[in-house]
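**Student:** Just so it is clear, I am handing over entry24.csv, which has CSV, C-alpha atoms.
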```csv
chain,number,residue,atom,x,y,z
F,1194,MET,CA,94.1,65.9,127.9
F,1195,ASP,CA,93.1,67.5,124.6
F,1196,LYS,CA,95.8,67.8,121.9
F,1197,PRO,CA,97.1,71.4,121.5
F,1198,LEU,CA,96.3,73.3,118.4
F,1199,VAL,CA,99.6,74.3,116.7
F,1200,LEU,CA,100.2,76.6,113.7
F,1201,PHE,CA,103.3,76.2,111.5
F,1202,VAL,CA,104.2,79.0,109.2
F,1203,ASP,CA,106.9,78.4,106.5
F,1204,ASP,CA,107.1,79.2,102.7
F,1205,ASP,CA,108.7,75.8,102.1
F,1206,PRO,CA,106.0,73.2,101.2
F,1207,GLU,CA,108.4,70.3,102.0
F,1208,MET,CA,108.9,71.7,105.5
F,1209,LEU,CA,105.2,72.1,106.1
F,1210,ALA,CA,104.7,68.5,105.0
F,1211,SER,CA,107.5,67.4,107.4
F,1212,TYR,CA,105.7,69.2,110.3
F,1213,ARG,CA,102.4,67.5,109.5
F,1214,ARG,CA,104.2,64.1,109.5
F,1215,ILE,CA,106.1,64.7,112.7
F,1216,PHE,CA,103.1,66.1,114.7
F,1217,ARG,CA,100.1,64.4,113.2
F,1218,LYS,CA,99.6,62.1,116.3
F,1219,LYS,CA,100.7,64.6,118.9
F,1220,CYS,CA,98.9,67.9,118.0
F,1221,HIS,CA,96.1,69.3,115.9
F,1222,ILE,CA,98.0,70.9,113.1
F,1223,GLU,CA,97.4,73.9,110.9
F,1224,THR,CA,99.9,75.2,108.3
F,1225,ALA,CA,100.3,78.4,106.4
F,1226,SER,CA,102.7,79.0,103.5
F,1227,GLU,CA,103.0,82.7,104.2
F,1228,PRO,CA,102.6,85.0,107.2
F,1229,ALA,CA,99.5,86.7,105.7
F,1230,GLU,CA,97.7,83.4,105.7
F,1231,GLY,CA,98.7,82.8,109.3
F,1232,LEU,CA,97.4,86.2,110.3
F,1233,ASP,CA,94.1,85.5,108.5
F,1234,MET,CA,93.7,82.5,110.7
F,1235,LEU,CA,94.3,84.6,113.9
F,1236,ASN,CA,91.9,87.2,112.6
F,1237,ALA,CA,89.3,84.5,112.2
F,1238,GLY,CA,89.5,83.7,115.9
F,1239,ARG,CA,91.6,80.6,115.8
F,1240,GLN,CA,93.0,80.0,119.3
F,1241,PHE,CA,96.4,78.4,118.8
F,1242,ALA,CA,98.4,77.1,121.8
F,1243,VAL,CA,101.7,77.4,119.9
F,1244,ILE,CA,102.9,79.1,116.7
F,1245,VAL,CA,106.1,78.0,115.0
F,1246,SER,CA,107.4,80.3,112.4
F,1247,ASP,CA,110.4,80.4,110.0
F,1248,LEU,CA,112.4,83.5,110.0
F,1249,ARG,CA,113.2,84.0,106.4
F,1250,MET,CA,110.0,84.4,104.3
F,1251,PRO,CA,109.2,86.7,101.4
F,1252,GLY,CA,107.0,89.7,102.0
F,1253,MET,CA,107.0,89.6,105.8
F,1254,ASP,CA,109.7,88.0,107.9
F,1255,GLY,CA,109.1,85.9,110.9
F,1256,VAL,CA,110.0,88.7,113.4
F,1257,ALA,CA,107.3,91.0,112.0
F,1258,PHE,CA,104.8,88.1,111.8
F,1259,LEU,CA,105.3,87.0,115.4
F,1260,GLU,CA,105.1,90.5,116.7
F,1261,LYS,CA,101.7,90.9,115.0
F,1262,ALA,CA,100.7,87.5,116.3
F,1263,ARG,CA,101.6,88.6,119.8
F,1264,GLU,CA,99.4,91.7,119.4
F,1265,LYS,CA,96.4,89.6,118.3
F,1266,CYS,CA,96.9,86.6,120.6
F,1267,PRO,CA,99.1,87.4,123.5
F,1268,GLU,CA,98.5,84.1,125.2
F,1269,THR,CA,99.8,82.0,122.3
F,1270,VAL,CA,103.3,80.8,122.7
F,1271,ARG,CA,105.7,81.7,119.9
F,1272,ILE,CA,108.7,79.7,118.6
F,1273,MET,CA,111.1,80.9,115.9
F,1274,LEU,CA,113.1,78.7,113.5
F,1275,THR,CA,116.3,80.4,112.2
F,1276,GLY,CA,119.5,79.7,110.4
F,1277,TYR,CA,122.9,79.8,112.2
F,1278,ALA,CA,123.7,83.1,110.4
F,1279,ASP,CA,120.6,84.8,111.8
F,1280,VAL,CA,121.4,84.9,115.5
F,1281,GLY,CA,121.0,88.8,115.5
F,1282,ALA,CA,117.5,88.4,114.0
F,1283,ALA,CA,116.7,85.8,116.5
F,1284,VAL,CA,117.5,88.2,119.3
F,1285,ALA,CA,115.3,90.8,117.7
F,1286,ALA,CA,112.5,88.2,117.6
F,1287,VAL,CA,112.9,87.6,121.3
F,1288,ASN,CA,112.7,91.3,122.1
F,1289,ALA,CA,109.9,92.4,119.6
F,1290,GLY,CA,107.8,89.2,119.4
F,1291,LYS,CA,108.5,88.0,123.0
F,1292,VAL,CA,109.4,84.6,121.5
F,1293,PHE,CA,109.4,81.7,123.9
F,1294,SER,CA,112.3,80.0,122.3
F,1295,PHE,CA,114.2,79.9,119.0
F,1296,LEU,CA,115.7,76.9,117.3
F,1297,THR,CA,118.4,76.7,114.6
F,1298,LYS,CA,117.8,75.0,111.3
F,1299,PRO,CA,118.1,72.2,110.4
F,1300,CYS,CA,116.4,71.3,113.7
F,1301,PRO,CA,116.4,67.6,114.9
F,1302,GLU,CA,112.9,66.2,115.2
F,1303,ASP,CA,113.3,65.5,118.9
F,1304,ALA,CA,114.4,69.0,119.7
F,1305,LEU,CA,111.5,70.5,117.8
F,1306,GLU,CA,109.0,68.1,119.5
F,1307,ALA,CA,110.4,69.1,122.9
F,1308,ALA,CA,110.1,72.8,122.1
F,1309,VAL,CA,106.5,72.4,121.0
F,1310,ALA,CA,105.7,70.3,124.0
F,1311,ALA,CA,107.3,72.9,126.3
F,1312,GLY,CA,105.4,75.7,124.5
F,1313,SER,CA,102.1,73.8,124.9
F,1314,ARG,CA,102.7,73.4,128.7
F,1315,GLN,CA,103.5,77.1,129.0
F,1316,HIS,CA,100.3,78.0,127.2
F,1317,GLN,CA,98.3,75.8,129.6
F,1318,LEU,CA,99.9,77.6,132.6
F,1319,VAL,CA,99.1,81.1,131.1
F,1320,VAL,CA,95.5,80.2,130.4
F,1321,ALA,CA,95.0,78.6,133.8
F,1322,GLU,CA,96.5,81.6,135.6
F,1323,LYS,CA,94.3,83.9,133.6
F,1324,GLU,CA,91.2,81.9,134.5
F,1325,LEU,CA,92.2,81.8,138.2
F,1326,LEU,CA,92.9,85.6,138.2
F,1327,ARG,CA,89.6,86.3,136.4
F,1328,GLY,CA,87.7,84.3,138.9
F,1329,THR,CA,89.5,85.9,141.8
F,1330,VAL,CA,88.9,89.4,140.6
F,1331,ARG,CA,85.3,88.7,139.7
F,1332,GLY,CA,84.7,87.2,143.1
F,1333,THR,CA,86.5,90.0,144.9
F,1334,ILE,CA,84.6,92.8,143.1
F,1335,LYS,CA,81.3,91.0,143.7
F,1336,LEU,CA,82.2,90.6,147.4
F,1337,LEU,CA,83.0,94.3,147.8
F,1338,THR,CA,79.9,95.6,146.0
F,1339,ASP,CA,77.6,93.2,147.8
F,1340,LEU,CA,79.1,94.3,151.1
F,1341,MET,CA,78.6,97.9,150.2
F,1342,ALA,CA,75.0,97.2,149.1
F,1343,MET,CA,74.3,95.7,152.6
F,1344,ILE,CA,76.3,98.2,154.7
F,1345,ASN,CA,75.5,101.5,153.0
F,1346,ALA,CA,72.8,101.7,150.4
F,1347,GLU,CA,73.6,105.4,149.8
F,1348,ALA,CA,77.1,104.6,148.7
F,1349,PHE,CA,76.0,101.7,146.6
F,1350,GLY,CA,73.3,103.7,144.9
F,1351,LYS,CA,75.8,106.4,144.0
F,1352,SER,CA,78.3,104.0,142.5
F,1353,SER,CA,75.6,102.1,140.5
F,1354,ARG,CA,74.2,105.4,139.0
F,1355,VAL,CA,77.7,106.6,138.2
F,1356,LYS,CA,78.7,103.3,136.7
F,1357,ARG,CA,75.9,103.5,134.3
F,1358,LEU,CA,76.8,107.0,133.3
F,1359,VAL,CA,80.5,106.3,132.8
F,1360,MET,CA,79.8,103.3,130.6
F,1361,ASP,CA,77.4,105.3,128.5
F,1362,LEU,CA,80.1,108.0,128.1
F,1363,ALA,CA,82.7,105.3,127.3
F,1364,ASP,CA,80.5,103.9,124.6
F,1365,TYR,CA,79.6,107.3,123.3
F,1366,MET,CA,83.3,108.3,123.1
F,1367,GLY,CA,84.4,105.1,121.5
F,1368,LEU,CA,86.7,103.9,124.3
F,1369,ALA,CA,88.2,100.5,123.6
F,1370,ASP,CA,88.0,97.9,126.4
F,1371,PRO,CA,86.5,100.1,129.1
F,1372,TRP,CA,86.3,97.4,131.8
F,1373,ARG,CA,88.8,99.2,134.1
F,1374,LEU,CA,86.7,102.3,134.1
F,1375,GLU,CA,83.6,100.2,134.8
F,1376,LEU,CA,85.3,98.6,137.8
F,1377,ALA,CA,86.5,102.0,139.0
F,1378,ALA,CA,83.0,103.4,138.9
F,1379,MET,CA,81.6,100.4,140.8
F,1380,LEU,CA,84.3,100.7,143.5
F,1381,SER,CA,84.6,104.5,143.6
F,1382,GLN,CA,82.5,104.8,146.8
F,1383,ILE,CA,83.8,102.0,148.9
F,1384,GLY,CA,86.0,104.4,150.8
F,1385,CYS,CA,83.0,106.1,152.3
F,1386,ALA,CA,80.9,103.1,153.0
F,1387,ALA,CA,81.5,103.5,156.8
F,1388,LEU,CA,80.1,107.0,156.8
F,1389,PRO,CA,76.5,107.4,158.2
F,1390,ARG,CA,73.8,107.3,155.5
F,1391,ASP,CA,72.5,110.7,156.4
F,1392,VAL,CA,76.0,112.2,156.1
F,1393,LEU,CA,76.5,110.6,152.7
F,1394,ARG,CA,73.0,111.7,151.6
F,1395,LYS,CA,74.0,115.3,152.3
F,1396,ALA,CA,77.4,114.9,150.5
F,1397,TYR,CA,75.8,113.4,147.5
F,1398,LEU,CA,73.3,116.3,147.3
F,1399,GLY,CA,76.2,118.8,147.3
F,1400,GLN,CA,75.6,120.0,150.9
F,1401,PRO,CA,78.5,121.0,153.1
F,1402,LEU,CA,79.7,118.6,155.8
F,1403,SER,CA,81.1,119.7,159.1
F,1404,GLY,CA,84.1,118.6,161.2
F,1405,ASN,CA,85.5,115.2,160.9
F,1406,TYR,CA,82.9,114.1,158.4
F,1407,ALA,CA,84.1,116.6,155.8
F,1408,TYR,CA,87.7,115.3,156.2
F,1409,GLU,CA,86.6,111.6,156.0
F,1410,PHE,CA,84.5,112.2,152.9
F,1411,ALA,CA,87.4,114.1,151.2
F,1412,MET,CA,89.7,111.2,151.9
F,1413,HIS,CA,87.4,108.5,150.6
F,1414,PRO,CA,89.1,108.2,147.1
F,1415,LYS,CA,92.5,107.5,148.7
F,1416,ILE,CA,91.0,104.9,151.1
F,1417,ALA,CA,89.2,103.2,148.2
F,1418,ALA,CA,92.4,103.3,146.0
F,1419,ASP,CA,94.5,101.8,148.8
F,1420,LEU,CA,91.9,98.9,149.2
F,1421,ILE,CA,91.7,98.2,145.4
F,1422,ALA,CA,95.5,98.3,145.1
F,1423,ASN,CA,95.6,95.0,147.1
F,1424,ILE,CA,93.7,93.2,144.4
F,1425,PRO,CA,96.0,91.6,141.7
F,1426,ARG,CA,96.2,93.4,138.4
F,1427,LEU,CA,94.0,96.3,139.4
F,1428,ARG,CA,96.7,98.9,139.7
F,1429,GLU,CA,95.2,101.0,136.9
F,1430,VAL,CA,91.7,100.8,138.4
F,1431,ALA,CA,93.1,102.0,141.8
F,1432,GLU,CA,94.8,104.9,140.0
F,1433,ILE,CA,91.5,105.9,138.4
F,1434,VAL,CA,89.7,105.8,141.8
F,1435,ALA,CA,92.5,107.8,143.5
F,1436,TYR,CA,92.2,110.6,141.0
F,1437,GLN,CA,88.4,110.7,140.8
F,1438,GLU,CA,88.2,114.1,142.4
F,1439,LYS,CA,91.2,115.7,140.7
F,1440,ARG,CA,90.3,118.7,138.6
F,1441,TYR,CA,91.6,119.1,135.0
F,1442,ASP,CA,93.5,122.2,135.9
F,1443,GLY,CA,95.4,120.3,138.7
F,1444,GLY,CA,93.3,121.5,141.6
F,1445,GLY,CA,91.5,119.2,144.0
F,1446,LEU,CA,92.7,115.9,145.5
F,1447,PRO,CA,95.1,114.1,145.5
F,1448,PRO,CA,97.7,116.9,145.9
F,1449,GLY,CA,100.4,117.0,143.3
F,1450,GLU,CA,101.4,118.4,139.9
F,1451,ALA,CA,99.2,116.1,137.7
F,1452,LYS,CA,96.9,118.0,135.5
F,1453,GLY,CA,95.3,117.8,132.1
F,1454,GLU,CA,96.2,114.8,130.0
F,1455,ALA,CA,98.5,113.6,132.8
F,1456,ILE,CA,95.4,112.6,134.9
F,1457,PRO,CA,94.2,109.1,133.9
F,1458,LYS,CA,91.5,109.4,131.3
F,1459,GLY,CA,89.2,107.1,133.3
F,1460,ALA,CA,89.5,109.5,136.2
F,1461,ARG,CA,88.6,112.4,134.0
F,1462,ILE,CA,85.5,110.6,132.9
F,1463,LEU,CA,84.6,109.5,136.4
F,1464,LYS,CA,85.0,113.1,137.7
F,1465,VAL,CA,82.5,114.4,135.2
F,1466,ALA,CA,80.0,111.6,136.0
F,1467,LEU,CA,80.3,112.0,139.8
F,1468,ASP,CA,79.7,115.7,139.7
F,1469,PHE,CA,76.9,115.5,137.2
F,1470,ASP,CA,75.1,112.9,139.4
F,1471,THR,CA,75.5,115.2,142.4
F,1472,LEU,CA,74.3,118.3,140.7
F,1473,GLU,CA,71.4,116.8,138.9
F,1474,ARG,CA,70.1,115.2,142.1
F,1475,MET,CA,70.7,118.4,144.0
F,1476,PHE,CA,68.7,120.5,141.6
F,1477,ALA,CA,65.9,117.8,141.4
F,1478,ALA,CA,65.7,117.7,145.2
F,1479,THR,CA,64.8,121.4,145.4
F,1480,GLY,CA,61.6,120.8,143.4
F,1481,LYS,CA,62.1,124.3,142.0
F,1482,VAL,CA,64.1,123.5,138.8
F,1483,GLU,CA,62.1,122.4,135.8
F,1484,GLU,CA,65.2,120.9,134.0
F,1485,PRO,CA,67.7,119.7,136.6
F,1486,VAL,CA,69.8,117.9,133.9
F,1487,GLN,CA,70.3,121.1,131.9
F,1488,LYS,CA,70.9,123.1,135.1
F,1489,ALA,CA,73.5,120.7,136.2
F,1490,LEU,CA,75.3,121.0,132.8
F,1491,GLU,CA,75.1,124.8,133.1
F,1492,ARG,CA,76.7,124.7,136.5
F,1493,MET,CA,79.5,122.4,135.3
F,1494,ARG,CA,80.2,124.7,132.3
F,1495,GLY,CA,80.6,127.5,134.8
F,1496,ARG,CA,83.4,125.7,136.7
F,1497,ARG,CA,86.3,126.8,134.6
F,1498,GLY,CA,89.2,124.3,134.6
F,1499,TRP,CA,87.4,121.6,136.5
F,1500,TYR,CA,86.7,119.1,133.7
F,1501,ASP,CA,88.3,117.7,130.6
F,1502,PRO,CA,86.5,119.7,127.9
F,1503,ALA,CA,86.3,116.6,125.6
F,1504,VAL,CA,84.5,114.6,128.3
F,1505,LEU,CA,82.2,117.5,129.2
F,1506,ASP,CA,81.3,118.0,125.5
F,1507,ALA,CA,80.6,114.3,125.2
F,1508,LEU,CA,78.3,114.3,128.2
F,1509,GLU,CA,76.4,117.3,126.9
F,1510,SER,CA,76.0,115.7,123.5
F,1511,MET,CA,75.1,112.3,124.9
F,1512,ILE,CA,72.5,113.6,127.3
F,1513,ASN,CA,70.2,114.4,124.3
F,1514,PHE,CA,70.4,110.9,122.9
F,1515,PRO,CA,68.5,107.8,124.2
F,1516,ASP,CA,70.7,105.5,126.2
F,1517,GLY,CA,69.2,102.3,125.0
F,1518,PHE,CA,67.3,101.5,128.2
F,1519,GLU,CA,63.6,100.4,128.0
F,1520,ARG,CA,61.0,100.9,130.6
F,1521,GLY,CA,59.5,97.8,132.1
F,1522,LEU,CA,56.9,96.8,134.8
F,1523,LEU,CA,58.2,93.5,136.2
F,1524,ALA,CA,57.3,91.1,138.9
F,1525,LEU,CA,59.9,90.4,141.6
F,1526,ALA,CA,60.7,87.0,140.0
F,1527,GLU,CA,61.6,88.8,136.7
F,1528,LEU,CA,64.2,91.2,138.1
F,1529,LYS,CA,67.8,90.6,137.0
F,1530,PRO,CA,71.1,92.2,138.0
F,1531,GLY,CA,71.9,95.3,135.9
F,1532,MET,CA,68.3,96.6,135.8
F,1533,ILE,CA,67.7,100.0,137.3
F,1534,LEU,CA,64.8,101.0,139.6
F,1535,ASP,CA,62.5,103.6,138.2
F,1536,GLN,CA,60.7,104.1,141.5
F,1537,GLU,CA,61.3,104.1,145.2
F,1538,VAL,CA,60.4,100.8,146.8
F,1539,LEU,CA,58.7,101.0,150.2
F,1540,CYS,CA,58.3,98.2,152.7
F,1541,PRO,CA,54.9,97.7,154.4
F,1542,ARG,CA,55.9,100.0,157.2
F,1543,GLY,CA,56.5,102.8,154.7
F,1544,GLU,CA,60.3,102.8,154.9
F,1545,VAL,CA,62.4,103.1,151.7
F,1546,VAL,CA,64.0,99.8,150.9
F,1547,LEU,CA,65.7,100.9,147.7
F,1548,SER,CA,65.8,104.3,146.0
F,1549,LYS,CA,64.9,105.3,142.5
F,1550,GLY,CA,67.9,105.2,140.1
F,1551,GLN,CA,69.7,102.4,141.9
F,1552,GLU,CA,71.1,99.5,139.8
F,1553,ILE,CA,70.1,96.2,141.4
F,1554,GLY,CA,72.2,93.1,141.9
F,1555,THR,CA,71.5,89.8,143.6
F,1556,VAL,CA,71.8,91.3,147.1
F,1557,ALA,CA,69.3,94.1,146.3
F,1558,ILE,CA,66.9,91.6,144.7
F,1559,ARG,CA,67.0,89.4,147.9
F,1560,ARG,CA,66.4,92.5,150.0
F,1561,LEU,CA,63.4,93.4,147.9
F,1562,ARG,CA,61.9,89.9,148.2
F,1563,GLY,CA,62.6,89.8,152.0
F,1564,ALA,CA,61.2,93.3,152.7
F,1565,LEU,CA,58.1,92.9,150.6
F,1566,GLY,CA,57.2,89.6,152.2
F,1567,GLY,CA,54.0,88.2,150.7
F,1568,LYS,CA,53.7,90.7,147.9
F,1569,GLY,CA,54.8,88.2,145.3
F,1570,ASP,CA,52.4,89.7,142.8
F,1571,MET,CA,53.7,93.2,143.2
F,1572,ARG,CA,55.2,94.7,140.0
F,1573,ILE,CA,58.0,97.2,140.0
F,1574,ARG,CA,58.9,99.9,137.5
F,1575,VAL,CA,62.5,99.3,136.1
F,1576,LEU,CA,64.7,100.4,133.3
F,1577,VAL,CA,66.0,97.4,131.3
F,1578,PRO,CA,69.5,98.1,129.9
F,1579,PRO,CA,70.9,96.8,126.5
F,1580,ARG,CA,71.8,93.1,126.6
F,1581,ARG,CA,75.5,93.9,126.8
F,1582,ASN,CA,75.0,95.6,130.2
F,1583,LEU,CA,72.9,92.8,131.6
F,1584,GLU,CA,75.6,90.3,130.5
F,1585,PHE,CA,78.3,92.1,132.5
F,1586,ALA,CA,76.1,92.3,135.6
F,1587,GLU,CA,75.2,88.6,135.3
F,1588,LEU,CA,78.9,87.8,134.9
F,1589,LEU,CA,79.7,89.5,138.2
F,1590,ASP,CA,76.7,87.9,140.0
F,1591,GLY,CA,77.1,84.5,138.4
```
Is it possible to give me this structure as structure tokens?
**Tutor:**
Amino acid sequence: MDKPLVLFVDDDPEMLASYRRIFRKKCHIETASEPAEGLDMLNAGRQFAVIVSDLRMPGMDGVAFLEKAREKCPETVRIMLTGYADVGAAVAAVNAGKVFSFLTKPCPEDALEAAVAAGSRQHQLVVAEKELLRGTVRGTIKLLTDLMAMINAEAFGKSSRVKRLVMDLADYMGLADPWRLELAAMLSQIGCAALPRDVLRKAYLGQPLSGNYAYEFAMHPKIAADLIANIPRLREVAEIVAYQEKRYDGGGLPPGEAKGEAIPKGARILKVALDFDTLERMFAATGKVEEPVQKALERMRGRRGWYDPAVLDALESMINFPDGFERGLLALAELKPGMILDQEVLCPRGEVVLSKGQEIGTVAIRRLRGALGGKGDMRIRVLVPPRRNLEFAELLDG
């Protein structure tokens, strides 16, 4: 087993020398004579298993230091060293810095060694759990999206187009860490995957549905949210999906008093993206509108109270800027997850295999290769996204 990397922070040079002597054979040791030096190490990306900090230090005390360390590296285990007279401060450290344990000074060597060893084991457990969860979530999301691609290409096509749009909006609006929004967009249509493709095609073009189909389509956000809520740590994603049809003024589903800023921000972005996709395709399908994009924006502007004004403003501004995609004409073997079809792909019998605007994954690529049979030299028009988008798609498919 690799030795853990441990950081000791103390303004007493003799104490730091003592730590290096005690732990030189048991750990990889780094020392800092002041909290600012320790924070610089964290800012530089050093991944410590354990941080041991003194409480009383000039400039910044140990409580403030460990609280900042927790913000930067939440997985790192934190240990506080404190004098007998500082029990109140130690309690503050546990509450503010989520300290794993605190020891009183002077601390016997064996007690300190035991505390660092316990902290190292705790760090290993946290990292292992995170990796397991990450793999579980990634595999579950991939399973759901692959099933949707096989069962209902209309639903999958809608979610892939909307995912691209919400991520462009998130990037344009400067949203930090938008992975929950990305997952919500990818899974936003799983609740209607069982609806017939012709019914979904009508719904996605803004055409009215009749009877039970209208009810089933209206309920699809709740169905999807209930499914997603069963996946560990995706409660916020489920909430975004549940509110994807909620209007900014409080109208729409789900029923309730939530409106305005009380609606999850991700849901407000997703609502704008979903409606824009529907309206733009509706106007394009008529063949009578020269600028379906601008017509869709005009229609959305006329829907008073439906959308978060900041999100709608961002969409209108962003729509006039290039999105970073480049056009390509690629052979089947060159296709990668995350690329977007820039043409309809027909099988030899003339049936549509995949529609224009659909983001492709491994399942879609296999379908193309199977449907096109011996047309190995066929080249397909695609939009190639920025590298960051491809990396995310490859992560899910990998």
**Student:** I'd like to know which of F:Cys1220, F:Arg1354, F:Met1253, F:Asp1361 is closest to Ile1512 in chain F, using all atoms listed in the file.
**Tutor:** F:Asp1361
**Student:** Can you measure CA of Gly1531 in chain F to CA of Leu1337 in chain F for me? One decimal in Å is fine.
**Tutor:**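 Distance reported for this atom pair: 16.3 Å.
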**Student:** How many Å separate CA of Ala1378 in chain F from CA of Val1355 in chain F?
**Tutor:**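 These two atoms are separated by 6.2 Å.
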**Student:** Please indicate the distance in Å from CA of Glu1347 in chain F to CA of Arg1390 in chain F, rounded to one decimal place.
**Tutor:**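 Distance reported for this atom pair: 6.0 Å.
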**Student:** For Asp1303 in chain F, work out the shell of residues within 12 Å, counting all atoms listed in the file and skipping chain neighbours fewer than 6 positions away, then give it as a PyMOL selection string.
**Tutor:** chain F and resi 1215-1216+1296+1309-1310
**Student:** With C-alpha atoms retained, export the selected residues as a CSV table (one decimal), in the frame of the given file.
**Tutor:**
```csv
chain,number,residue,atom,x,y,z
F,1215,ILE,CA,106.1,64.7,112.7
F,1216,PHE,CA,103.1,66.1,114.7
F,1296,LEU,CA,115.7,76.9,117.3
F,1309,VAL,CA,106.5,72.4,121.0
F,1310,ALA,CA,105.7,70.3,124.0
```
**Student:** With all atoms listed in the file as the atoms that count, which of F:Ala1386, F:Val1256, F:Val1319, F:Val1359 lies nearest to Ile1344 in chain F?
**Tutor:**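 Closest to Ile1344 in chain F of all the choices is F:Ala1386.
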**Student:** Using all atoms listed in the file, which protein or nucleic acid residues come within 10 Å of range 1270-1274 of chain F? Drop anything in the same chain fewer than 4 positions from it, and give the result as a PyMOL selection string.
**Tutor:** chain F and resi 1199-1203+1241-1249+1255-1256+1259-1260+1262-1263+1266+1279+1283+1286-1287+1290-1300+1305+1308-1309+1311-1317+1319
**Student:** Go ahead and write the selection's residues with C-alpha atoms as an mmCIF file, keeping the file's coordinate frame.
**Tutor:**
```
data_model
loop_
_atom_site.group_PDB
_atom_site.id
_atom_site.type_symbol
_atom_site.label_atom_id
_atom_site.label_comp_id
_atom_site.auth_asym_id
_atom_site.auth_seq_id
_atom_site.Cartn_x
_atom_site.Cartn_y
_atom_site.Cartn_z
ATOM 1 C CA VAL F 1199 99.600 74.300 116.700
ATOM 2 C CA LEU F 1200 100.200 76.600 113.700
ATOM 3 C CA PHE F 1201 103.300 76.200 111.500
ATOM 4 C CA VAL F 1202 104.200 79.000 109.200
ATOM 5 C CA ASP F 1203 106.900 78.400 106.500
ATOM 6 C CA PHE F 1241 96.400 78.400 118.800
ATOM 7 C CA ALA F 1242 98.400 77.100 121.800
ATOM 8 C CA VAL F 1243 101.700 77.400 119.900
ATOM 9 C CA ILE F 1244 102.900 79.100 116.700
ATOM 10 C CA VAL F 1245 106.100 78.000 115.000
ATOM 11 C CA SER F 1246 107.400 80.300 112.400
ATOM 12 C CA ASP F 1247 110.400 80.400 110.000
ATOM 13 C CA LEU F 1248 112.400 83.500 110.000
ATOM 14 C CA ARG F 1249 113.200 84.000 106.400
ATOM 15 C CA GLY F 1255 109.100 85.900 110.900
ATOM 16 C CA VAL F 1256 110.000 88.700 113.400
ATOM 17 C CA LEU F 1259 105.300 87.000 115.400
ATOM 18 C CA GLU F 1260 105.100 90.500 116.700
ATOM 19 C CA ALA F 1262 100.700 87.500 116.300
ATOM 20 C CA ARG F 1263 101.600 88.600 119.800
ATOM 21 C CA CYS F 1266 96.900 86.600 120.600
ATOM 22 C CA ASP F 1279 120.600 84.800 111.800
ATOM 23 C CA ALA F 1283 116.700 85.800 116.500
ATOM 24 C CA ALA F 1286 112.500 88.200 117.600
ATOM 25 C CA VAL F 1287 112.900 87.600 121.300
ATOM 26 C CA GLY F 1290 107.800 89.200 119.400
ATOM 27 C CA LYS F 1291 108.500 88.000 123.000
ATOM 28 C CA VAL F 1292 109.400 84.600 121.500
ATOM 29 C CA PHE F 1293 109.400 81.700 123.900
ATOM 30 C CA SER F 1294 112.300 80.000 122.300
ATOM 31 C CA PHE F 1295 114.200 79.900 119.000
ATOM 32 C CA LEU F 1296 115.700 76.900 117.300
ATOM 33 C CA THR F 1297 118.400 76.700 114.600
ATOM 34 C CA LYS F 1298 117.800 75.000 111.300
ATOM 35 C CA PRO F 1299 118.100 72.200 110.400
ATOM 36 C CA CYS F 1300 116.400 71.300 113.700
ATOM 37 C CA LEU F 1305 111.500 70.500 117.800
ATOM 38 C CA ALA F 1308 110.100 72.800 122.100
ATOM 39 C CA VAL F 1309 106.500 72.400 121.000
ATOM 40 C CA ALA F 1311 107.300 72.900 126.300
ATOM 41 C CA GLY F 1312 105.400 75.700 124.500
ATOM 42 C CA SER F 1313 102.100 73.800 124.900
ATOM 43 C CA ARG F 1314 102.700 73.400 128.700
ATOM 44 C CA GLN F 1315 103.500 77.100 129.000
ATOM 45 C CA HIS F 1316 100.300 78.000 127.200
ATOM 46 C CA GLN F 1317 98.300 75.800 129.600
ATOM 47 C CA VAL F 1319 99.100 81.100 131.100
#
```
**Student:** Here is a test: counting only C-alpha atoms, which residue of F:Leu1446, F:Ala1478, F:Ile1456, F:Ala1210 is nearest to Lys1395 in chain F?
**Tutor:**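 Of all the options, F:Ala1478 lies closest to Lys1395 in chain F.
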**Student:** Skipping near chain neighbours, those fewer than 2 positions away, what residues fall within 6 Å of Gly1459 in chain F using only C-alpha atoms, listed as a list in words?
**Tutor:**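 After dropping sequence-adjacent residues, the list is Leu1374, Ile1433, Pro1457, Arg1461 and Ile1462 of chain F.
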**Student:** Nearest residue to Asp1339 in chain F out of F:Arg1562, F:Thr1479, F:Pro1578, F:Pro1530, using all atoms listed in the file?
**Tutor:**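 For Asp1339 in chain F, the nearest of the candidates is F:Pro1530.
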**Student:** If we count only C-alpha atoms and set the cut-off at 6 Å, which residues sit around range 1495-1507 of chain F, ignoring sequence neighbours fewer than 4 positions away in its own chain? Please answer as a CSV table (one decimal) with C-alpha atoms, in the coordinates of the input.
**Tutor:**
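result23.csv was written with the following content:
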```
chain,number,residue,atom,x,y,z
F,1440,ARG,CA,90.3,118.7,138.6
F,1441,TYR,CA,91.6,119.1,135.0
F,1442,ASP,CA,93.5,122.2,135.9
F,1511,MET,CA,75.1,112.3,124.9
```
